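Asks: Sharing a structure, written as C-alpha cells. Questions coming.
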Amino acid sequence: MPERDVLIAGAGLAGLACARRLAQSGLNCQILEASDSIGGRVRTDAVDGFQLDRGFQVLLTAYPEAQAVLDYGALRLHAFAPGALVRYHGRFYHLGDPWRDRASLWTTLLAPVPRWGDYWRLMRLRRDALRKSVDEIFSEPETTVLAALRSRGFSRRIIDHFFRPWIGGAMLDTTLSGSSRMFEFLFRMFALGDAAVPAGGMGAIPAQLAAGLPEGAVRLGAKVESVEEGAARLPGGERLTARAVVVAAEGGEAARLLRLESAVPWRSVWCIYFAARLAPVEEPLLVVSGGGRGPITNLAVMSQVAPGYAPDGHHLISASVLGYDQREPGSLVSAVRAQARRWFGPVAEEWRLLRYYHIEHGLPVVQPLTPAAEPRVAPGIYACGDWRATPSINGALESGRLAAEAVLQDLGVKAG
C-alpha cells in the first residue's frame, strides 16, 4: 500500500493550496519541490536589509479565492493608493480613482492623459464590471484588451499612455493582445479592493499556506523526473507511490511531466531593484510610463507602500521592464538609470543597484480565457496552476483547490 495518499509536484501557490485543502480533509500529502524554497514565482529575498520580491508583484485584496484562503490580518497588508502617477510629455500627473479616493477627483480631471469623453467611458467600464459576476465576465465574448478598449470608444491617447503601461504592466503585455475577459476581471478587482503587499514581502503568502500543513509535508530539493498513475520518480531511480499524483509545476516542467504536445507560452519581465536615501515619489503610488524614451514600464517605491521593505533611512525602488528581449542586463540597468534621471533628476544617479531578476515565466498566456480547466489529465494524475485558470494569484489558489476537490471526490473522501 502507498505510504502517502497524494504526491504533489511543485510547492508554488497552487501546490500549497492543493495540499492544504487535502490535509484539512485528513489525507497524508507530500509536496516535492525541486528548488530550495517554497513559493514558486511568489518568493521574497533578503538583501542587505531589503525585501526583494522576485519580480514586482501585488495581491489584489478583492480576489475571491484569496479572501477565502488567506488570513489578511496575519499578513499585515500595506496597500498602494488607488490610481497611478502617469509620466506624460515630461511631467507627472496623478490619475486617481475618484470612486475610492475623492481627494483625487480634481487632479484626475485636470490630467491631460484622458480626453473628456474617456472619463464617461471609464465610468461605464467600472459600472459594467461591477454589475457582472465573475462567471458572467468569463462568459463574455472573448477578444483582445486592445479591441475591447477600442470597442468602448476609448481615445488612442488614454490607451497608449495609460492602459498600455498600467493594465499592460499588470498582464505583462503592453501590446494589449491578451484576454479581454482577464482585463475586465482585473478591472473589477481593482475597483473592489486594494493592490497590497504583506509587511514581510510577497513570500509571506506561501509561508502562510505552508504553515497550515503537517510537519514534513514539503520536501525541498526533490526534482520530479516523471509521473505515472500512483507514483512519481525522482533522480537516482527513487520511486514514491501514492493513491494520486498532482502536477503543480510551472512552464516547461508541467509540459514535460504531463507529456503535453506543446508547452504553455509565457510572458517574461525584468525587475530591477535600487536602494536610495531619498524617495523619488512621496505617495504610495504606482508610477507608469506614458510613453517617451526609456525601457521602464512601471516603477514603485516599495518602502513608501510597506516601510519594512527597506531598512531605516533607506528606500527600495522597483523598476519593471517589458519587451526587453536582450539578455545582457548591464545595458538595461544603464538605460533604466538614464530614464530615472530624466524623471527625477541627478538624484537617480545615486541609486545603488541591489539586484535584478529576469522572470522568464512571469505569467502564462491563457487565451481564450475560461473558468479553471478540468484538473484530471489522466487516471490518477491531476494538474493545477494559474496556467489552468486565470493567470494570477487568484487563479493559482483556485486551481489548487479544484484539484484537491477532484482528488477527494475520486478517492471517496468527504471534504473536511
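Just remember, in the C-alpha cells the first chain shown is A, the second B, etc., residues are 1-based per chain, and ligands are 1-based in the order shown.
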Which residues are near A:Arg352? Cut-off 8 Å, only C-alpha atoms, ignore same chain within fewer than 4 positions. Put them as an MDAnalysis selection string.

Replies: chainID A and resid 274:276

Asks: Kindly export the residues of the current selection with N, CA and C atoms, as a PDB file, in the first residue's frame.

Replies:
ATOM      1  N   PHE A 274      16.679  49.053  -6.736  1.00  0.00           N
ATOM      2  CA  PHE A 274      17.684  50.016  -6.313  1.00  0.00           C
ATOM      3  C   PHE A 274      17.429  50.427  -4.861  1.00  0.00           C
ATOM      4  N   ALA A 275      18.504  50.755  -4.173  1.00  0.00           N
ATOM      5  CA  ALA A 275      18.424  51.367  -2.843  1.00  0.00           C
ATOM      6  C   ALA A 275      18.672  52.855  -2.990  1.00  0.00           C
ATOM      7  N   ALA A 276      17.927  53.662  -2.233  1.00  0.00           N
ATOM      8  CA  ALA A 276      18.066  55.114  -2.312  1.00  0.00           C
ATOM      9  C   ALA A 276      17.895  55.727  -0.935  1.00  0.00           C
TER      10      ALA A 276
END

Asks: Leaving out stretch 192-200 of chain A and any residue of its chain fewer than 4 positions from it, which residues lie within 7 Å of it when counting only C-alpha atoms, given as a list of chain:residue names?

Replies: A:Val58, A:Leu59, A:Leu60, A:Thr61, A:Ala62, A:Leu75, A:Arg76, A:Leu77, A:His78, A:Ala79, A:Phe80, A:Arg188, A:Ala204, A:Ala306, A:Gly308

Asks: Using only C-alpha atoms, find the one residue out of A:Leu285, A:Leu322, A:Ala338, A:Ala310 that sits nearest to A:Phe50.

Replies: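 Among A:Leu285, A:Leu322, A:Ala338, A:Ala310, it is A:Ala310 that comes nearest to A:Phe50.
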
Asks: Please provide as number ranges by chain all residues within 8 Å of A:Asp118, with the sequence filter that same-chain residues fewer than 5 positions apart are discarded (counting only C-alpha atoms).

Replies: A: 153-155, 158

Asks: List as a ChimeraX atom specification the protein and nucleic acid residues near A:Val287, meaning an atom at most 7 Å away when only C-alpha atoms are counted, but skip any in the same chain fewer than 4 places from it.

Replies: /A:84-86,298-300

Asks: Selected residues, C-alpha atoms, written as a compact mmCIF listing (two decimals), in the first residue's frame, please.

Replies:
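The result, stored in result.txt:
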# COMPACT_ATOMS: atom_id res chain seq x y z
CA ALA A 84 -1.35 55.85 -10.67
CA LEU A 85 1.17 58.57 -11.32
CA VAL A 86 1.46 58.86 -15.09
CA ASN A 298 6.27 50.96 -14.24
CA LEU A 299 8.11 51.94 -11.09
CA ALA A 300 7.25 51.77 -7.42

Asks: Need to verify the contact set: stretch 221-229 of chain A, 6 Å, only C-alpha atoms, exclusion of same-chain residues closer than 6 positions in sequence. Can you return it as a list in words?

Replies: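 Here the qualifying residues turn out to be Leu32, Glu33, Ala34, Ser35, Asp36, Leu257 and Gly380 of chain A.
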
Asks: With C-alpha atoms kept, could you save the residues just selected as a PDB file, in the first residue's frame?

Replies:
ATOM      1  CA  LEU A  32       8.042  17.516  -3.855  1.00  0.00           C
ATOM      2  CA  GLU A  33       9.806  20.802  -4.671  1.00  0.00           C
ATOM      3  CA  ALA A  34      12.868  20.933  -6.916  1.00  0.00           C
ATOM      4  CA  SER A  35      14.242  24.232  -5.577  1.00  0.00           C
ATOM      5  CA  ASP A  36      15.497  25.212  -2.145  1.00  0.00           C
ATOM      6  CA  LEU A 257       5.723  15.846 -16.682  1.00  0.00           C
ATOM      7  CA  GLY A 380      -4.834   9.101 -11.028  1.00  0.00           C
TER       8      GLY A 380
END

Asks: Residues within 9 Å of stretch 167-170 of chain A, please, as a list in words. Count only C-alpha atoms; anything in the same chain fewer than 3 positions from it doesn't count.

Replies: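 Contacts, in chain order: Gln57, Val145, Phe162, Phe163, Arg164, Asp173, Thr174, Thr175, Leu176, Gly178, Phe183, Leu186, Phe187, Val288, Thr297, Asn298, Ser320, Val321 and Leu322 of chain A.
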
Asks: Take the residues that were just selected and, keeping N, CA and C atoms, output them as a CSV table (one decimal), in the first residue's frame.

Replies:
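Wrote it out as part-v8.csv, contents follow:
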chain,number,residue,atom,x,y,z
A,57,GLN,N,5.2,42.4,-7.7
A,57,GLN,CA,4.0,41.6,-7.5
A,57,GLN,C,3.1,42.3,-6.5
A,145,VAL,N,-7.6,42.8,-25.3
A,145,VAL,CA,-7.8,44.0,-24.5
A,145,VAL,C,-7.9,45.2,-25.4
A,162,PHE,N,-1.9,55.4,-20.8
A,162,PHE,CA,-2.4,54.9,-19.5
A,162,PHE,C,-2.6,53.4,-19.5
A,163,PHE,N,-3.5,52.9,-20.4
A,163,PHE,CA,-3.8,51.5,-20.3
A,163,PHE,C,-2.6,50.6,-20.7
A,164,ARG,N,-1.8,51.0,-21.7
A,164,ARG,CA,-0.7,50.1,-22.0
A,164,ARG,C,0.3,49.9,-20.8
A,173,ASP,N,1.9,42.6,-20.7
A,173,ASP,CA,1.6,42.6,-22.2
A,173,ASP,C,1.2,44.0,-22.6
A,174,THR,N,2.2,44.9,-22.9
A,174,THR,CA,1.9,46.2,-23.3
A,174,THR,C,1.4,46.3,-24.7
A,175,THR,N,1.4,45.2,-25.5
A,175,THR,CA,0.7,45.2,-26.8
A,175,THR,C,-0.8,45.1,-26.6
A,176,LEU,N,-1.3,44.8,-25.4
A,176,LEU,CA,-2.7,44.6,-25.1
A,176,LEU,C,-3.4,43.6,-26.0
A,178,GLY,N,-3.7,40.5,-24.9
A,178,GLY,CA,-4.2,39.5,-24.0
A,178,GLY,C,-5.7,39.4,-24.0
A,183,PHE,N,-8.8,41.2,-18.6
A,183,PHE,CA,-8.8,42.6,-18.3
A,183,PHE,C,-10.0,43.1,-17.5
A,186,LEU,N,-9.7,41.8,-13.9
A,186,LEU,CA,-8.7,42.6,-13.1
A,186,LEU,C,-9.3,44.0,-12.8
A,187,PHE,N,-10.0,44.6,-13.8
A,187,PHE,CA,-10.5,45.9,-13.6
A,187,PHE,C,-11.6,45.9,-12.4
A,288,VAL,N,3.7,55.0,-13.8
A,288,VAL,CA,3.7,54.3,-15.1
A,288,VAL,C,4.2,55.2,-16.1
A,297,THR,N,8.5,50.3,-17.7
A,297,THR,CA,7.0,50.2,-17.9
A,297,THR,C,6.4,50.8,-16.7
A,298,ASN,N,6.8,50.4,-15.5
A,298,ASN,CA,6.3,51.0,-14.2
A,298,ASN,C,7.3,51.0,-13.2
A,320,SER,N,10.1,47.9,-13.4
A,320,SER,CA,9.8,46.8,-14.2
A,320,SER,C,9.9,47.1,-15.7
A,321,VAL,N,10.4,46.2,-16.4
A,321,VAL,CA,10.7,46.4,-17.8
A,321,VAL,C,10.1,45.3,-18.6
A,322,LEU,N,9.2,45.6,-19.6
A,322,LEU,CA,8.6,44.6,-20.5
A,322,LEU,C,9.2,44.8,-21.9

Asks: Can you list, as a PyMOL selection string, every protein, DNA or RNA residue that comes within 10 Å of A:Phe138 when you count only C-alpha atoms, leaving out same-chain residues fewer than 6 positions away?

Replies: chain A and resi 132+180-182+184-185+368-371+390

Asks: Would you mind telling me which residue in A:Ala66, A:Ala9, A:Val301, A:Ala74 lies nearest to A:Leu258 when using only C-alpha atoms?

Replies: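 The answer is A:Ala9, which sits nearest to A:Leu258.
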
Asks: Quick one: pick out all alpha helix (DSSP H) residues within stretch 107-344 of chain A from a backbone DSSP run and write them as a ChimeraX atom specification.

Replies: /A:107-110,116-131,134-138,145-151,156-158,164-170,180-192,204-211,251-258,302-305,329-344

Asks: Check the smallest atom-to-atom distance from each of A:Gln409, A:Leu125, A:Gln367, A:Ala68 to A:Thr144 using only C-alpha atoms, then report the winner.

Replies: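 With only C-alpha atoms as the atom set, the closest residue is A:Gln367.
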
Asks: Kindly indicate which residue among A:Val413, A:Leu397, A:Cys29, A:Ile205 lies nearest to A:Tyr72, using only C-alpha atoms for the distances.

Replies: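 Checking each candidate against A:Tyr72, we get A:Ile205 as the closest.
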
Asks: Can you list, as a compact mmCIF listing (two decimals) with N, CA and C atoms, in the first residue's frame, every residue of stretch 257-359 of chain A that DSSP puts in strand (DSSP E or B)?

Replies:
# COMPACT_ATOMS: atom_id res chain seq x y z
N TRP A 266 4.57 31.68 -22.19
CA TRP A 266 4.64 32.54 -21.01
C TRP A 266 5.16 33.92 -21.39
N ARG A 267 4.79 34.92 -20.60
CA ARG A 267 5.30 36.28 -20.77
C ARG A 267 6.37 36.54 -19.72
N SER A 268 7.40 37.24 -20.13
CA SER A 268 8.53 37.49 -19.24
C SER A 268 8.58 38.95 -18.82
N VAL A 269 9.39 39.24 -17.81
CA VAL A 269 9.54 40.61 -17.32
C VAL A 269 10.89 40.72 -16.61
N TRP A 270 11.48 41.89 -16.68
CA TRP A 270 12.66 42.22 -15.89
C TRP A 270 12.23 43.07 -14.71
N CYS A 271 12.82 42.83 -13.57
CA CYS A 271 12.59 43.66 -12.38
C CYS A 271 13.95 44.05 -11.81
N ILE A 272 14.16 45.36 -11.66
CA ILE A 272 15.44 45.88 -11.19
C ILE A 272 15.20 46.66 -9.90
N TYR A 273 15.98 46.32 -8.88
CA TYR A 273 15.83 46.96 -7.57
C TYR A 273 17.01 47.87 -7.26
N PHE A 274 16.68 49.05 -6.74
CA PHE A 274 17.68 50.02 -6.31
C PHE A 274 17.43 50.43 -4.86
N ALA A 275 18.50 50.76 -4.17
CA ALA A 275 18.42 51.37 -2.84
C ALA A 275 18.67 52.86 -2.99
N ALA A 276 17.93 53.66 -2.23
CA ALA A 276 18.07 55.11 -2.31
C ALA A 276 17.90 55.73 -0.93
N LEU A 286 1.74 53.77 -7.75
CA LEU A 286 2.44 53.16 -8.85
C LEU A 286 2.73 54.24 -9.88
N VAL A 287 3.96 54.27 -10.38
CA VAL A 287 4.36 55.22 -11.42
C VAL A 287 4.40 54.46 -12.74
N VAL A 288 3.69 54.97 -13.76
CA VAL A 288 3.67 54.31 -15.05
C VAL A 288 4.20 55.25 -16.12
N SER A 289 4.87 54.68 -17.08
CA SER A 289 5.46 55.45 -18.17
C SER A 289 4.43 55.64 -19.27
N ILE A 296 11.48 51.67 -18.94
CA ILE A 296 10.65 51.43 -17.76
C ILE A 296 9.17 51.37 -18.16
N THR A 297 8.49 50.31 -17.73
CA THR A 297 7.04 50.21 -17.88
C THR A 297 6.36 50.79 -16.65
N ASN A 298 6.78 50.38 -15.48
CA ASN A 298 6.27 50.96 -14.24
C ASN A 298 7.35 50.96 -13.18
N LEU A 299 7.14 51.78 -12.18
CA LEU A 299 8.11 51.94 -11.09
C LEU A 299 7.35 52.15 -9.80
N ALA A 300 7.90 51.62 -8.72
CA ALA A 300 7.25 51.77 -7.42
C ALA A 300 8.32 51.94 -6.34
N VAL A 301 8.05 52.83 -5.42
CA VAL A 301 8.90 52.96 -4.23
C VAL A 301 8.26 52.07 -3.17
N HIS A 315 15.31 53.70 1.13
CA HIS A 315 14.11 53.40 0.35
C HIS A 315 14.43 52.34 -0.69
N LEU A 316 13.42 51.54 -1.02
CA LEU A 316 13.56 50.49 -2.03
C LEU A 316 12.75 50.89 -3.26
N ILE A 317 13.42 50.91 -4.40
CA ILE A 317 12.78 51.29 -5.67
C ILE A 317 12.77 50.07 -6.58
N SER A 318 11.60 49.78 -7.13
CA SER A 318 11.43 48.66 -8.06
C SER A 318 11.08 49.22 -9.43
N ALA A 319 11.82 48.82 -10.45
CA ALA A 319 11.53 49.22 -11.83
C ALA A 319 11.27 47.97 -12.66
N SER A 320 10.14 47.93 -13.35
CA SER A 320 9.78 46.78 -14.19
C SER A 320 9.92 47.14 -15.65
N VAL A 321 10.43 46.19 -16.42
CA VAL A 321 10.68 46.41 -17.85
C VAL A 321 10.07 45.25 -18.64
N ARG A 352 21.63 52.89 -5.67
CA ARG A 352 22.55 51.74 -5.64
C ARG A 352 21.82 50.50 -6.12
N LEU A 353 22.38 49.87 -7.13
CA LEU A 353 21.78 48.64 -7.65
C LEU A 353 21.88 47.53 -6.60
N LEU A 354 20.74 46.94 -6.28
CA LEU A 354 20.71 45.83 -5.33
C LEU A 354 20.71 44.48 -6.05
N ARG A 355 19.80 44.33 -7.00
CA ARG A 355 19.68 43.06 -7.71
C ARG A 355 18.72 43.23 -8.87
N TYR A 356 18.88 42.42 -9.88
CA TYR A 356 17.91 42.38 -10.96
C TYR A 356 17.46 40.94 -11.18
N TYR A 357 16.23 40.81 -11.63
CA TYR A 357 15.64 39.50 -11.90
C TYR A 357 15.09 39.50 -13.33
N HIS A 358 15.38 38.44 -14.04
CA HIS A 358 14.70 38.22 -15.32
C HIS A 358 13.74 37.06 -15.09
N ILE A 359 12.47 37.36 -15.02
CA ILE A 359 11.44 36.35 -14.75
C ILE A 359 10.94 35.83 -16.09

Asks: A:Leu22, A:Pro98, A:Val246, A:Gly90: which is nearest A:Pro379, counting only C-alpha atoms?

Replies: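 Ranking A:Leu22, A:Pro98, A:Val246, A:Gly90 by distance to A:Pro379, first place goes to A:Val246.
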